[in-house]
Structure formats: C-alpha cells, structure tokens
Amino acid sequence: YKGDDWAGAGVAELDEALGGWLSQLRARGDITGQAHEVLIFPTFENVPARFVAVVGLGERAELDVHGVRLAAGRLLRKASAYKLQSLGSSLFGSDLPGISKEALAQAFVEGAALATYRFAGYAQATRRSEAAMHTTSSFAASDVSGEDQKTEGNMKQLWLATAADAGVAEGITRGLVCAEAVHLARDWVNTPGNLLTPAAWCEQVATLAAAEGLKLTVLERADMERLRMGALLAVSQGSDQPPKLMVLQYQGKPSRQDVLAFVGKGVTFDAGGISIKPAANMDEMKMDMAGGAAALAAVWAISRLKLPVNVMAVVPCCENLPSGQALKPGDVITALTGQTIEVLNTDAEGRLILADAVAYAKQLGATHLVDIATLTGAVVVALGKVTTAALTNDERFLQELQAAAAASGEKVWPLPTFAEYREQLRSDIADMKNVGGRPAGTITAGLLIGAFVGDTPWIHLDIAGTAWTEKAGPMGPKGATGVMVRTLVELARRWQGGRAS
C-alpha cells in the first residue's frame, strides 16, 4: 500500500527472510505502493522461490474490489512476461475494508484469468480445426481448488494463501466461470467473419447448449417469414448467408413468471449494406456481433453457476452486405409488431434486427429486457472507449444493472430519453424512420429499439466503444474485451422475484 502502513499480509515475514531488503527498497523509493506498480525481483535463494513479486495497491482506504481485480491482472501479465510457472499470493490474508473474502476471491481470480487470455489465431504453427475454439488461457473453470489452480499456459499453478472457507471457494468458482464466459465471448468476437457466419455460430452454440443441458431454438428464414420479422429479413437480404435467430434458455427455478432476457445484436459482419462503410478499419466489423456474444456467454455462465433465475439469450444473426438484393435507403419495412420503419441509412441496421428480437423475446415470456449492441459510432464520440452507454424506461431496473456493473468493474452511464428525442424519429410516410440525424445519435438509435418493448422494463446498452480495444491492458490483450458478460451474470446472480436483491 501507499503510506506508512504499507505492508500487507505476509510481507513482514517475507521481508525478514530476505534480510530486510524489501524495507530498504521501500525506504529508497524503489517500492512506492502505487496502484499501477508491479515489480519482480530475484530472491537469490533466500526463500524457496526464484522471484518475489511486489504489487502496488494504492491507498489502503481507497482500495475497492475492482482495484483487486486490476492488481491481479497486472501481476499475472508481468509474471507471464517472466515465463513464471508457479505463483503464490498472500493477498487473501489481508484485511481489506469493505471487501468480503468471497468478493476478494472472485475479483482476484477473474483478474488473473482475464489477463492471461490469448486468441490463438490461424498462423500455421498454431492453428486448429475451424470447429475448435481458439482461446489460450492460463485458467479453466474445471478442477477448482482453494489451494491451487492448475493452468494450461506458462503459469502452471496459482497458490492462494487462505484458510478453508466456503465463501472463498464459491468466489473462486464464480471468478473462474465468469472469466471463462468472457473468454468465450472474446473468442467469438475475435473470429473472422468468414469463419463465424450465422450458421457456423449456431453450430458452436448448439454444441455448448448440449453440453450444459440448455435449450437452444434456432429460427430459420422460413420461420421469420411466418412470424413476419420484416426488419431482420430486410437487413439480411443483401447476403448469401441465411439469417438465424438463436434463443438460448436456462430455467433455474420452476416458476416462469419472471424471465430475464438478454437480447444481443448478432451481425457477424457489417459492411454497412448499400450505405457502405469506409474501407479503413472495416475488417474490425467482424466484431459487430459482440452484443450477441455477451448475451450467449452470460447465459452459459449462469447455467454453469446454477443460479436460481430464469434467463434467455435472444440473438438475431445475419450479415449486412451490399448486393443487388440488399435493403435500399428509402425502403419501408414492416417489423414483427406490425410497425413500419422508413430506412434512411442501411448502416443503421442493428436497431432494426433488435426491434424484431426484443418483440420476439416478449412473445416468449420475457418480463425484463436488456439489449446489448455495438450500435453507434456516436457513443464513442460521447463516452470514448471507456464507458458503455445505457438507456431505459425503468430507472429502478437500470440502478440494479449499474450496481451489478460496479461490482464487476464495468462502467455504465445513463443517457436521457426525453420525448423530444423521439420526435427526431418521426417519419412522413411510416411509423418511424431508422435514423434521427447526427444530434443525439446514440439516444435516438436506442429509442428506436425502445419503441418495440412497450411497457416491459427495458435497458439498452451501447457497447460500440467498449467491445473492442486497440491496446493491451491489465484485463487482457488488444481485440475483443467481452464487455458486459460479467455484469449480466452479476445482475442475474442478484435477481430475485423479478428484481435484483
């Protein structure tokens, strides 16, 4: 820690074994306790370990659970750079104000596991079969132990100095499962669009569902035509890849009166359609299904944790490409609800497919809706790459999600939904138009989706700025972040009787 009271649990004993040189380094200012500090020193065999790692935690009174998560991530990334194979932590013996041992265990394991994620990719030396997943991580959610966790990368063992405690064991398990779910979402988002087509994605989810005993239903084009999902069908018509709509369901309690639905945008590649995007960085548009990935991965984790809640993921999947059959600016389409939409820009397609998806989730019995989408470039202008934007028609519901996000270390910020913004979507020839102009673009995009939820409690999350990162950080490498997976799982964990506890 920073300040005079700097030594955490076990540090004094270690300092004595090392002849007091930790104290000397502290006195010289080489160890400061700053939150970003991770230093690894050789022990010269003074203790039965080759190296000792010193991790800065900042001010003791200011340390929160996400600070623990970040510290674990920084430690594991530094340890990986040293190619260390075994690491022990004394943090679990520390007295951390306001942080339970269970929350501490979850945060530490999550941070460590998320930091060690790698996407193996497709270089000849490392590639696997196309059907295989491509995660390389030091952690897996099997064979969990409160004493050591065997791993598959450079790090073979992580030792956690803690007494036997059911809460700690539960925290470790939850941390590992949540991290593995984030890895799953990251894998999908990092996969190129030619390999993760709507059909290929459905096959992978079917395999996961069968392994977990989850119910998966996949709507085909004929089903969508029968149901009159005109918005999803319109967006997909420019591609040779047929659209799909996945419904992944987990029933954690017998009653079906309260059903939480995660509705995720699943555009596996977005060229913008006829309103084609600029060529620069268009390759990143393989990540336009990050919302769907988060929704599916969260339901998978909830099932692994056997939480007492009923949840479903509803994911409309398609490609948005230009062709002679593609949706055109000026077209008017009819959604599942019968509402009509004038299409002014075919690159505003996510809100269209989600309009049908949220309406369908309601038909399936959803009583609370959270939609997650890489929806607008405007959100990056407003909030950068740090914060996910939120809109809602139910302030209490949003407060519950924000509490879950805070516990997960993911930042969410609400935007207003005043009636004046809805006026921007007014069309001269249809019930609404799909763009409301440049002003308040994130708000009007979300409000179009909101026009299809009625009075059902609903939250819209725009992750266009947070689903992808251009640089590595303490929680993982550049590329897909898996944002909102852990928040959705935490929301479900707190959920009781239609409300989070």
# chains A, B, ... in the order shown; residues from 1 in each chain; ligands from 1
>>> residues_around(residues="Gly446 of chain A", least_positions_apart="2", cutoff="12 Å", atoms="only C-alpha atoms", output="PyMOL selection string")
chain A and resi 348+350-352+354-355+370-376+378-379+389-393+414-417+421-422+425+434-436+440-444+448-453+458-463
>>> select_by_dssp(residues="segment 369-454 of chain A", states="strand (DSSP E)", output="JSON, numbers by chain")
{"A": [369, 370, 371, 372, 373, 388, 389, 390, 391, 392, 412, 413, 414, 432, 433]}
>>> write_last_selection(atoms="C-alpha atoms", output="compact mmCIF listing (two decimals), in the first residue's frame")
# COMPACT_ATOMS: atom_id res chain seq x y z
CA LEU A 369 -35.27 -6.98 -21.24
CA VAL A 370 -31.64 -5.97 -21.58
CA ASP A 371 -30.41 -5.45 -25.13
CA ILE A 372 -26.69 -5.25 -25.82
CA ALA A 373 -25.33 -3.94 -29.10
CA THR A 388 -20.94 1.78 -22.01
CA ALA A 389 -24.00 3.97 -22.62
CA ALA A 390 -27.38 2.98 -21.23
CA LEU A 391 -30.98 3.96 -21.92
CA THR A 392 -34.00 2.72 -20.02
CA VAL A 412 -22.11 2.16 -17.43
CA TRP A 413 -23.51 5.67 -17.84
CA PRO A 414 -27.19 6.55 -18.44
CA MET A 432 -40.81 5.89 -37.70
CA LYS A 433 -37.52 6.27 -39.56
>>> residues_around(residues="Ala185 of chain A", least_positions_apart="2", cutoff="7 Å", atoms="only C-alpha atoms", output="PDB file with N, CA and C atoms, in the first residue's frame")
ATOM      1  N   ALA A 181     -16.434 -17.409 -19.329  1.00  0.00           N
ATOM      2  CA  ALA A 181     -17.504 -16.892 -20.182  1.00  0.00           C
ATOM      3  C   ALA A 181     -17.026 -15.688 -20.987  1.00  0.00           C
ATOM      4  N   VAL A 182     -16.234 -14.819 -20.357  1.00  0.00           N
ATOM      5  CA  VAL A 182     -15.652 -13.687 -21.090  1.00  0.00           C
ATOM      6  C   VAL A 182     -14.737 -14.199 -22.199  1.00  0.00           C
ATOM      7  N   HIS A 183     -13.940 -15.210 -21.897  1.00  0.00           N
ATOM      8  CA  HIS A 183     -13.074 -15.808 -22.921  1.00  0.00           C
ATOM      9  C   HIS A 183     -13.905 -16.327 -24.099  1.00  0.00           C
ATOM     10  N   ASP A 187     -13.561 -15.019 -27.840  1.00  0.00           N
ATOM     11  CA  ASP A 187     -13.272 -15.937 -28.956  1.00  0.00           C
ATOM     12  C   ASP A 187     -14.186 -15.661 -30.140  1.00  0.00           C
ATOM     13  N   TRP A 188     -15.479 -15.586 -29.856  1.00  0.00           N
ATOM     14  CA  TRP A 188     -16.449 -15.368 -30.933  1.00  0.00           C
ATOM     15  C   TRP A 188     -16.202 -14.028 -31.625  1.00  0.00           C
ATOM     16  N   VAL A 189     -15.965 -12.988 -30.843  1.00  0.00           N
ATOM     17  CA  VAL A 189     -15.795 -11.661 -31.424  1.00  0.00           C
ATOM     18  C   VAL A 189     -14.496 -11.569 -32.223  1.00  0.00           C
ATOM     19  N   ALA A 293     -22.669 -12.113 -28.532  1.00  0.00           N
ATOM     20  CA  ALA A 293     -21.688 -12.952 -27.842  1.00  0.00           C
ATOM     21  C   ALA A 293     -21.812 -12.792 -26.331  1.00  0.00           C
ATOM     22  N   ALA A 294     -21.974 -11.542 -25.875  1.00  0.00           N
ATOM     23  CA  ALA A 294     -22.112 -11.293 -24.432  1.00  0.00           C
ATOM     24  C   ALA A 294     -23.373 -11.949 -23.886  1.00  0.00           C
ATOM     25  N   ALA A 297     -22.854 -15.862 -23.867  1.00  0.00           N
ATOM     26  CA  ALA A 297     -21.854 -16.271 -22.881  1.00  0.00           C
ATOM     27  C   ALA A 297     -22.372 -16.081 -21.464  1.00  0.00           C
ATOM     28  N   GLY A 482     -14.996  -8.684 -24.406  1.00  0.00           N
ATOM     29  CA  GLY A 482     -16.008  -9.465 -23.694  1.00  0.00           C
ATOM     30  C   GLY A 482     -16.808  -8.620 -22.720  1.00  0.00           C
TER      31      GLY A 482
END
>>> atom_distance(atom1="atom CA of Asp258 of chain A", atom2="atom CA of Ala211 of chain A")
25.3 Å
>>> residues_around(residues="segment 202-204 of chain A", least_positions_apart="3", cutoff="12 Å", atoms="only C-alpha atoms", output="MDAnalysis selection string")
chainID A and resid 130:133 184:185 187:188 195:199 207:211 216:220 242:248 266 268 292:293 296:297 315:318
>>> decode(residues="segment 307-320 of chain A", atoms="all heavy atoms", output="short mmCIF file (atom, residue, chain, number, x, y, z; two decimals), in the first residue's frame")
data_model
loop_
_atom_site.label_atom_id
_atom_site.label_comp_id
_atom_site.auth_asym_id
_atom_site.auth_seq_id
_atom_site.Cartn_x
_atom_site.Cartn_y
_atom_site.Cartn_z
N LEU A 307 -27.56 -20.69 -11.11
CA LEU A 307 -28.24 -19.61 -10.39
C LEU A 307 -29.75 -19.82 -10.43
O LEU A 307 -30.29 -20.26 -11.45
CB LEU A 307 -27.88 -18.26 -11.01
CG LEU A 307 -26.39 -17.89 -10.99
CD1 LEU A 307 -26.18 -16.52 -11.60
CD2 LEU A 307 -25.84 -17.93 -9.57
N PRO A 308 -30.46 -19.47 -9.35
CA PRO A 308 -31.92 -19.68 -9.29
C PRO A 308 -32.67 -18.56 -10.01
O PRO A 308 -33.36 -17.73 -9.39
CB PRO A 308 -32.20 -19.68 -7.79
CG PRO A 308 -31.14 -18.79 -7.23
CD PRO A 308 -29.91 -19.01 -8.07
N VAL A 309 -32.57 -18.52 -11.32
CA VAL A 309 -33.20 -17.47 -12.11
C VAL A 309 -33.51 -18.03 -13.48
O VAL A 309 -32.83 -18.95 -13.96
CB VAL A 309 -32.25 -16.24 -12.22
CG1 VAL A 309 -30.95 -16.61 -12.90
CG2 VAL A 309 -32.92 -15.09 -12.94
N ASN A 310 -34.54 -17.52 -14.11
CA ASN A 310 -34.87 -17.93 -15.48
C ASN A 310 -34.38 -16.85 -16.44
O ASN A 310 -34.77 -15.68 -16.33
CB ASN A 310 -36.38 -18.11 -15.64
CG ASN A 310 -36.90 -19.25 -14.78
OD1 ASN A 310 -36.22 -20.23 -14.53
ND2 ASN A 310 -38.13 -19.11 -14.29
N VAL A 311 -33.50 -17.24 -17.35
CA VAL A 311 -32.93 -16.28 -18.29
C VAL A 311 -32.95 -16.87 -19.69
O VAL A 311 -32.97 -18.10 -19.88
CB VAL A 311 -31.48 -15.89 -17.93
CG1 VAL A 311 -31.42 -15.15 -16.62
CG2 VAL A 311 -30.56 -17.10 -17.93
N MET A 312 -32.94 -15.98 -20.67
CA MET A 312 -32.79 -16.40 -22.06
C MET A 312 -31.92 -15.39 -22.78
O MET A 312 -31.88 -14.20 -22.43
CB MET A 312 -34.14 -16.52 -22.75
CG MET A 312 -34.84 -15.20 -23.00
SD MET A 312 -36.33 -15.35 -24.04
CE MET A 312 -37.51 -15.92 -22.82
N ALA A 313 -31.19 -15.87 -23.78
CA ALA A 313 -30.48 -15.01 -24.72
C ALA A 313 -31.20 -15.10 -26.05
O ALA A 313 -31.45 -16.20 -26.55
CB ALA A 313 -29.03 -15.44 -24.86
N VAL A 314 -31.55 -13.97 -26.62
CA VAL A 314 -32.20 -13.91 -27.92
C VAL A 314 -31.24 -13.15 -28.85
O VAL A 314 -30.96 -11.96 -28.60
CB VAL A 314 -33.56 -13.21 -27.86
CG1 VAL A 314 -34.20 -13.15 -29.25
CG2 VAL A 314 -34.48 -13.95 -26.88
N VAL A 315 -30.73 -13.82 -29.87
CA VAL A 315 -29.68 -13.24 -30.71
C VAL A 315 -30.06 -13.35 -32.18
O VAL A 315 -30.01 -14.44 -32.76
CB VAL A 315 -28.33 -13.93 -30.45
CG1 VAL A 315 -27.23 -13.29 -31.31
CG2 VAL A 315 -27.95 -13.84 -28.97
N PRO A 316 -30.45 -12.24 -32.82
CA PRO A 316 -30.68 -12.25 -34.26
C PRO A 316 -29.35 -12.17 -34.99
O PRO A 316 -28.52 -11.29 -34.71
CB PRO A 316 -31.50 -10.97 -34.48
CG PRO A 316 -31.08 -10.06 -33.37
CD PRO A 316 -30.73 -10.93 -32.20
N CYS A 317 -29.10 -13.10 -35.91
CA CYS A 317 -27.80 -13.22 -36.58
C CYS A 317 -27.95 -13.03 -38.08
O CYS A 317 -28.82 -13.65 -38.71
CB CYS A 317 -27.19 -14.59 -36.35
SG CYS A 317 -27.12 -15.10 -34.63
N CYS A 318 -27.10 -12.21 -38.65
CA CYS A 318 -27.09 -12.03 -40.10
C CYS A 318 -25.83 -11.29 -40.49
O CYS A 318 -25.05 -10.86 -39.63
CB CYS A 318 -28.33 -11.27 -40.57
SG CYS A 318 -28.40 -9.55 -39.97
N GLU A 319 -25.62 -11.13 -41.79
CA GLU A 319 -24.60 -10.24 -42.33
C GLU A 319 -25.30 -9.03 -42.95
O GLU A 319 -26.44 -9.14 -43.42
CB GLU A 319 -23.75 -10.95 -43.39
CG GLU A 319 -22.92 -12.08 -42.86
CD GLU A 319 -22.11 -12.77 -43.96
OE1 GLU A 319 -22.56 -12.73 -45.13
OE2 GLU A 319 -21.05 -13.33 -43.65
N ASN A 320 -24.62 -7.90 -42.97
CA ASN A 320 -25.16 -6.68 -43.58
C ASN A 320 -24.25 -6.29 -44.74
O ASN A 320 -23.23 -5.63 -44.53
CB ASN A 320 -25.26 -5.55 -42.56
CG ASN A 320 -25.93 -4.31 -43.12
OD1 ASN A 320 -26.77 -4.40 -44.01
ND2 ASN A 320 -25.57 -3.14 -42.60
#
